[in-house]
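*Asks:* Below: one structure in structure tokens.
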Amino acid sequence: MSKAGQPTSGSEWRKWDLHVHTPASYDWDGTCKTTEEDLVKQAVAGGLSAIAVTDHHSVDWVDKVKVHGAKHGLLVLPGVELRTDKGNKKIHIVAIFDESVSADVIYDKVLCPLGLSKNDRKTRGEEHVYCNFEDTCKTIHENGGLVFLHAGSKANGIEQLGSDLKSALKTDLAYMVDIFEVTSERQVKAYWDI
């Protein structure tokens with residue numbers, strides 16, 4: 001009850017997916033034909049109230065999905081997934097920004113300074129581009145973004161490292177990460193201990 005004796009609504013829970021790919025990702029299954037409208041309608045049908053568009057090294061679909069999301073009451077956060085220099089399988093991180101940030105801002109202020117322009121990616125090849133973990137986190141934070149770390153059992157997550165290296169690396173990198181993706185309660189405790 002509130003002070004005035006009126007019932008309060010309590011907590012409101014919403015489903016968000018902060019790691020959504022589109023055909024702009026280099027590893028998108030080319031046989032799947034999807035439009036921006038399809039993507040938004042699927043998210044809404046799944047009960048999501050917000051998504052983050054986080055394609056690999058690309059922001060090409062961010063603004064298009066934001067427009068369609070607004071038409072359907074879906075919050076669309078702009079983002080990008082980046083391969084870093086840490087780990088034998090190059091740990092991936094996801095950058096997520098405020099909904100007001102445009103794709104052009106992320107491209108000009110994050111991707112280009114990190115050596116991930118369209119030309120850089122074309123010249124070196126999508127499978128061979130990566131950026132320095134620490135510099136990337138700093139650049140994301142300087143531009144108002146959050147750093148989301150791939151964890152869990154994914155091949156390019158931090159959990160794929162050997163236990164001694166993983167522990168040391170987690171300790172060093174944990175202070176630069178805002179959101180840790182986990183797949184088990186045990187991992188939550190391990191991150192809290194760090």
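Residues in the structure tokens are named by chain (A, B, ... in the order shown) and by number from 1 within that chain; ligands are numbered from 1 in the order shown.
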Among chain A, which ones does DSSP place in strand (DSSP E or B), written as a short mmCIF file (atom, residue, chain, number, x, y, z; two decimals) with C-alpha atoms, in the first residue's frame?
*Replies:*
data_model
loop_
_atom_site.label_atom_id
_atom_site.label_comp_id
_atom_site.auth_asym_id
_atom_site.auth_seq_id
_atom_site.Cartn_x
_atom_site.Cartn_y
_atom_site.Cartn_z
CA LYS A 15 11.20 -9.68 -21.47
CA TRP A 16 14.16 -8.20 -23.31
CA ASP A 17 16.60 -9.77 -25.76
CA LEU A 18 19.85 -7.79 -25.71
CA HIS A 19 21.57 -9.83 -28.43
CA VAL A 20 19.68 -9.87 -31.73
CA LEU A 48 9.46 -9.03 -25.98
CA SER A 49 9.19 -5.38 -25.02
CA ALA A 50 12.76 -4.49 -26.00
CA ILE A 51 15.58 -5.79 -28.17
CA ALA A 52 19.13 -4.69 -28.93
CA VAL A 53 20.28 -5.02 -32.56
CA HIS A 56 28.80 -8.51 -35.97
CA LEU A 75 11.98 -0.53 -27.79
CA VAL A 76 15.00 -1.08 -30.05
CA LEU A 77 18.41 -0.36 -28.57
CA PRO A 78 21.30 0.14 -31.00
CA GLY A 79 24.37 -2.00 -30.58
CA VAL A 80 27.13 -3.96 -32.24
CA GLU A 81 28.99 -7.21 -31.52
CA LEU A 82 32.79 -7.06 -31.69
CA ARG A 83 35.49 -9.72 -31.75
CA THR A 84 38.36 -8.87 -29.41
CA HIS A 92 33.23 -11.37 -28.29
CA ILE A 93 31.71 -8.39 -26.54
CA VAL A 94 28.50 -6.57 -27.33
CA ALA A 95 28.14 -2.80 -27.11
CA ILE A 96 24.67 -1.48 -26.31
CA CYS A 131 39.99 -5.12 -31.76
CA LEU A 146 27.47 -0.50 -22.00
CA VAL A 147 29.81 -3.47 -22.44
CA PHE A 148 28.08 -6.86 -22.48
CA LEU A 149 30.44 -9.84 -22.23
CA ILE A 179 26.81 -6.85 -18.11
CA PHE A 180 27.93 -10.48 -17.87
#
*Asks:* Which neighbours of His128 (chain A) fall inside 12 Å, counting only C-alpha atoms, when residues of the same chain fewer than 2 positions from it are skipped, and could you give them as a PyMOL selection string?
*Replies:* chain A and resi 26+57+82-85+89-90+115-116+120-126+130-131
*Asks:* Output N, CA and C atoms for every residue in that selection, as a PDB file, in the first residue's frame.
*Replies:*
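As written to disk, again_27.pdb reads:
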ATOM      1  N   TYR A  26      27.694 -10.806 -40.824  1.00  0.00           N
ATOM      2  CA  TYR A  26      28.368 -11.576 -41.867  1.00  0.00           C
ATOM      3  C   TYR A  26      28.045 -13.067 -41.797  1.00  0.00           C
ATOM      4  N   HIS A  57      30.091  -6.470 -36.120  1.00  0.00           N
ATOM      5  CA  HIS A  57      30.855  -5.386 -36.745  1.00  0.00           C
ATOM      6  C   HIS A  57      30.034  -4.491 -37.662  1.00  0.00           C
ATOM      7  N   LEU A  82      31.404  -7.228 -31.260  1.00  0.00           N
ATOM      8  CA  LEU A  82      32.789  -7.062 -31.691  1.00  0.00           C
ATOM      9  C   LEU A  82      33.651  -8.230 -31.231  1.00  0.00           C
ATOM     10  N   ARG A  83      34.522  -8.673 -32.092  1.00  0.00           N
ATOM     11  CA  ARG A  83      35.489  -9.723 -31.753  1.00  0.00           C
ATOM     12  C   ARG A  83      36.727  -9.025 -31.204  1.00  0.00           C
ATOM     13  N   THR A  84      37.201  -9.505 -30.036  1.00  0.00           N
ATOM     14  CA  THR A  84      38.362  -8.866 -29.414  1.00  0.00           C
ATOM     15  C   THR A  84      39.607  -9.747 -29.535  1.00  0.00           C
ATOM     16  N   ASP A  85      40.722  -9.208 -29.082  1.00  0.00           N
ATOM     17  CA  ASP A  85      42.007  -9.896 -29.164  1.00  0.00           C
ATOM     18  C   ASP A  85      42.244 -10.881 -28.027  1.00  0.00           C
ATOM     19  N   LYS A  89      39.884 -18.106 -29.079  1.00  0.00           N
ATOM     20  CA  LYS A  89      38.806 -18.018 -30.057  1.00  0.00           C
ATOM     21  C   LYS A  89      38.258 -16.598 -30.135  1.00  0.00           C
ATOM     22  N   LYS A  90      39.045 -15.644 -29.708  1.00  0.00           N
ATOM     23  CA  LYS A  90      38.697 -14.226 -29.780  1.00  0.00           C
ATOM     24  C   LYS A  90      37.358 -13.938 -29.095  1.00  0.00           C
ATOM     25  N   GLY A 115      39.216   0.543 -36.062  1.00  0.00           N
ATOM     26  CA  GLY A 115      39.701  -0.150 -37.257  1.00  0.00           C
ATOM     27  C   GLY A 115      38.699  -1.142 -37.814  1.00  0.00           C
ATOM     28  N   LEU A 116      37.400  -0.844 -37.654  1.00  0.00           N
ATOM     29  CA  LEU A 116      36.355  -1.755 -38.120  1.00  0.00           C
ATOM     30  C   LEU A 116      35.406  -1.084 -39.111  1.00  0.00           C
ATOM     31  N   ASP A 120      37.859  -1.565 -43.836  1.00  0.00           N
ATOM     32  CA  ASP A 120      38.749  -2.413 -43.023  1.00  0.00           C
ATOM     33  C   ASP A 120      38.271  -3.857 -43.056  1.00  0.00           C
ATOM     34  N   ARG A 121      36.964  -4.042 -42.871  1.00  0.00           N
ATOM     35  CA  ARG A 121      36.397  -5.393 -42.835  1.00  0.00           C
ATOM     36  C   ARG A 121      36.506  -6.071 -44.195  1.00  0.00           C
ATOM     37  N   LYS A 122      36.311  -5.326 -45.244  1.00  0.00           N
ATOM     38  CA  LYS A 122      36.406  -5.892 -46.600  1.00  0.00           C
ATOM     39  C   LYS A 122      37.849  -6.288 -46.905  1.00  0.00           C
ATOM     40  N   THR A 123      38.790  -5.415 -46.568  1.00  0.00           N
ATOM     41  CA  THR A 123      40.205  -5.655 -46.848  1.00  0.00           C
ATOM     42  C   THR A 123      40.746  -6.850 -46.069  1.00  0.00           C
ATOM     43  N   ARG A 124      40.452  -6.913 -44.778  1.00  0.00           N
ATOM     44  CA  ARG A 124      40.992  -7.975 -43.927  1.00  0.00           C
ATOM     45  C   ARG A 124      40.131  -9.227 -43.898  1.00  0.00           C
ATOM     46  N   GLY A 125      38.858  -9.091 -44.241  1.00  0.00           N
ATOM     47  CA  GLY A 125      37.943 -10.228 -44.185  1.00  0.00           C
ATOM     48  C   GLY A 125      37.264 -10.294 -42.830  1.00  0.00           C
ATOM     49  N   GLU A 126      35.959 -10.509 -42.842  1.00  0.00           N
ATOM     50  CA  GLU A 126      35.164 -10.497 -41.607  1.00  0.00           C
ATOM     51  C   GLU A 126      35.693 -11.453 -40.534  1.00  0.00           C
ATOM     52  N   TYR A 130      39.448  -7.932 -35.612  1.00  0.00           N
ATOM     53  CA  TYR A 130      39.230  -7.924 -34.171  1.00  0.00           C
ATOM     54  C   TYR A 130      39.839  -6.652 -33.613  1.00  0.00           C
ATOM     55  N   CYS A 131      39.497  -6.348 -32.377  1.00  0.00           N
ATOM     56  CA  CYS A 131      39.985  -5.119 -31.764  1.00  0.00           C
ATOM     57  C   CYS A 131      40.503  -5.410 -30.355  1.00  0.00           C
TER      58      CYS A 131
END
*Asks:* In region 29-193 of chain A, what's alpha helix (DSSP H) per DSSP? Answer as a PDB file with C-alpha atoms, in the first residue's frame?
*Replies:*
ATOM      1  CA  GLU A  36      13.049  -5.367 -40.588  1.00  0.00           C
ATOM      2  CA  GLU A  37       9.272  -5.697 -40.220  1.00  0.00           C
ATOM      3  CA  ASP A  38       9.549  -9.503 -39.880  1.00  0.00           C
ATOM      4  CA  LEU A  39      12.155  -9.153 -37.156  1.00  0.00           C
ATOM      5  CA  VAL A  40      10.057  -6.700 -35.147  1.00  0.00           C
ATOM      6  CA  LYS A  41       6.845  -8.693 -35.544  1.00  0.00           C
ATOM      7  CA  GLN A  42       8.619 -11.860 -34.381  1.00  0.00           C
ATOM      8  CA  ALA A  43       9.965 -10.072 -31.288  1.00  0.00           C
ATOM      9  CA  VAL A  44       6.531  -8.656 -30.416  1.00  0.00           C
ATOM     10  CA  ALA A  45       4.856 -12.044 -31.017  1.00  0.00           C
ATOM     11  CA  VAL A  62      20.003  -0.556 -36.522  1.00  0.00           C
ATOM     12  CA  ASP A  63      18.058   2.511 -37.677  1.00  0.00           C
ATOM     13  CA  LYS A  64      15.734   0.499 -39.950  1.00  0.00           C
ATOM     14  CA  VAL A  65      14.743  -1.815 -37.090  1.00  0.00           C
ATOM     15  CA  LYS A  66      14.292   1.168 -34.733  1.00  0.00           C
ATOM     16  CA  VAL A  67      11.743   2.708 -37.142  1.00  0.00           C
ATOM     17  CA  HIS A  68       9.703  -0.500 -37.357  1.00  0.00           C
ATOM     18  CA  GLY A  69      10.011  -1.098 -33.606  1.00  0.00           C
ATOM     19  CA  ALA A  70       8.492   2.316 -32.876  1.00  0.00           C
ATOM     20  CA  LYS A  71       5.477   1.431 -35.050  1.00  0.00           C
ATOM     21  CA  ALA A 103      23.864   3.935 -36.355  1.00  0.00           C
ATOM     22  CA  ASP A 104      26.011   6.703 -37.872  1.00  0.00           C
ATOM     23  CA  VAL A 105      27.255   7.761 -34.430  1.00  0.00           C
ATOM     24  CA  ILE A 106      28.245   4.183 -33.533  1.00  0.00           C
ATOM     25  CA  LYS A 118      33.428  -1.279 -43.928  1.00  0.00           C
ATOM     26  CA  ASN A 119      36.672  -0.933 -45.884  1.00  0.00           C
ATOM     27  CA  ASP A 120      38.749  -2.413 -43.023  1.00  0.00           C
ATOM     28  CA  ARG A 121      36.397  -5.393 -42.835  1.00  0.00           C
ATOM     29  CA  LYS A 122      36.406  -5.892 -46.600  1.00  0.00           C
ATOM     30  CA  THR A 123      40.205  -5.655 -46.848  1.00  0.00           C
ATOM     31  CA  ARG A 124      40.992  -7.975 -43.927  1.00  0.00           C
ATOM     32  CA  PHE A 133      39.591  -5.534 -25.578  1.00  0.00           C
ATOM     33  CA  GLU A 134      40.639  -2.691 -23.287  1.00  0.00           C
ATOM     34  CA  ASP A 135      40.579   0.009 -26.008  1.00  0.00           C
ATOM     35  CA  THR A 136      37.188  -1.220 -27.185  1.00  0.00           C
ATOM     36  CA  CYS A 137      35.636  -1.075 -23.710  1.00  0.00           C
ATOM     37  CA  LYS A 138      37.064   2.422 -23.212  1.00  0.00           C
ATOM     38  CA  THR A 139      35.696   3.624 -26.574  1.00  0.00           C
ATOM     39  CA  ILE A 140      32.254   2.152 -25.871  1.00  0.00           C
ATOM     40  CA  HIS A 141      32.111   3.787 -22.440  1.00  0.00           C
ATOM     41  CA  GLU A 142      33.335   7.148 -23.775  1.00  0.00           C
ATOM     42  CA  SER A 163      40.783 -22.256 -15.722  1.00  0.00           C
ATOM     43  CA  ASP A 164      43.968 -20.448 -14.535  1.00  0.00           C
ATOM     44  CA  LEU A 165      44.012 -18.022 -17.461  1.00  0.00           C
ATOM     45  CA  LYS A 166      40.248 -17.566 -17.252  1.00  0.00           C
ATOM     46  CA  SER A 167      40.413 -16.645 -13.581  1.00  0.00           C
ATOM     47  CA  ALA A 168      43.224 -14.125 -14.103  1.00  0.00           C
ATOM     48  CA  LEU A 169      41.628 -12.669 -17.226  1.00  0.00           C
ATOM     49  CA  LYS A 170      38.204 -12.412 -15.602  1.00  0.00           C
ATOM     50  CA  THR A 171      39.757 -10.499 -12.712  1.00  0.00           C
ATOM     51  CA  ASP A 172      41.566  -8.084 -15.054  1.00  0.00           C
ATOM     52  CA  LEU A 173      38.646  -7.555 -17.432  1.00  0.00           C
ATOM     53  CA  GLU A 185      24.012 -20.006 -10.991  1.00  0.00           C
ATOM     54  CA  ARG A 186      27.603 -21.212 -10.489  1.00  0.00           C
ATOM     55  CA  GLN A 187      28.846 -18.598 -12.969  1.00  0.00           C
ATOM     56  CA  VAL A 188      26.941 -15.839 -11.155  1.00  0.00           C
ATOM     57  CA  LYS A 189      28.728 -16.688  -7.913  1.00  0.00           C
ATOM     58  CA  ALA A 190      32.119 -16.796  -9.693  1.00  0.00           C
ATOM     59  CA  TYR A 191      31.595 -13.289 -11.113  1.00  0.00           C
ATOM     60  CA  TRP A 192      30.435 -11.943  -7.738  1.00  0.00           C
ATOM     61  CA  ASP A 193      33.556 -13.394  -6.116  1.00  0.00           C
TER      62      ASP A 193
END
*Asks:* Using only C-alpha atoms, pick whichever of A:Gly10, A:Gly46, A:Gly145, A:Gly73 has the shortest atom-to-atom distance to Phe97 (chain A).
*Replies:*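 Smallest distance to Phe97 (chain A) is found for A:Gly145.
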*Asks:* Calculate how many Å separate CA of Asp98 (chain A) from CA of Ser25 (chain A), rounding to one decimal.
*Replies:*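 CA of Asp98 (chain A) sits 20.7 Å away from CA of Ser25 (chain A).
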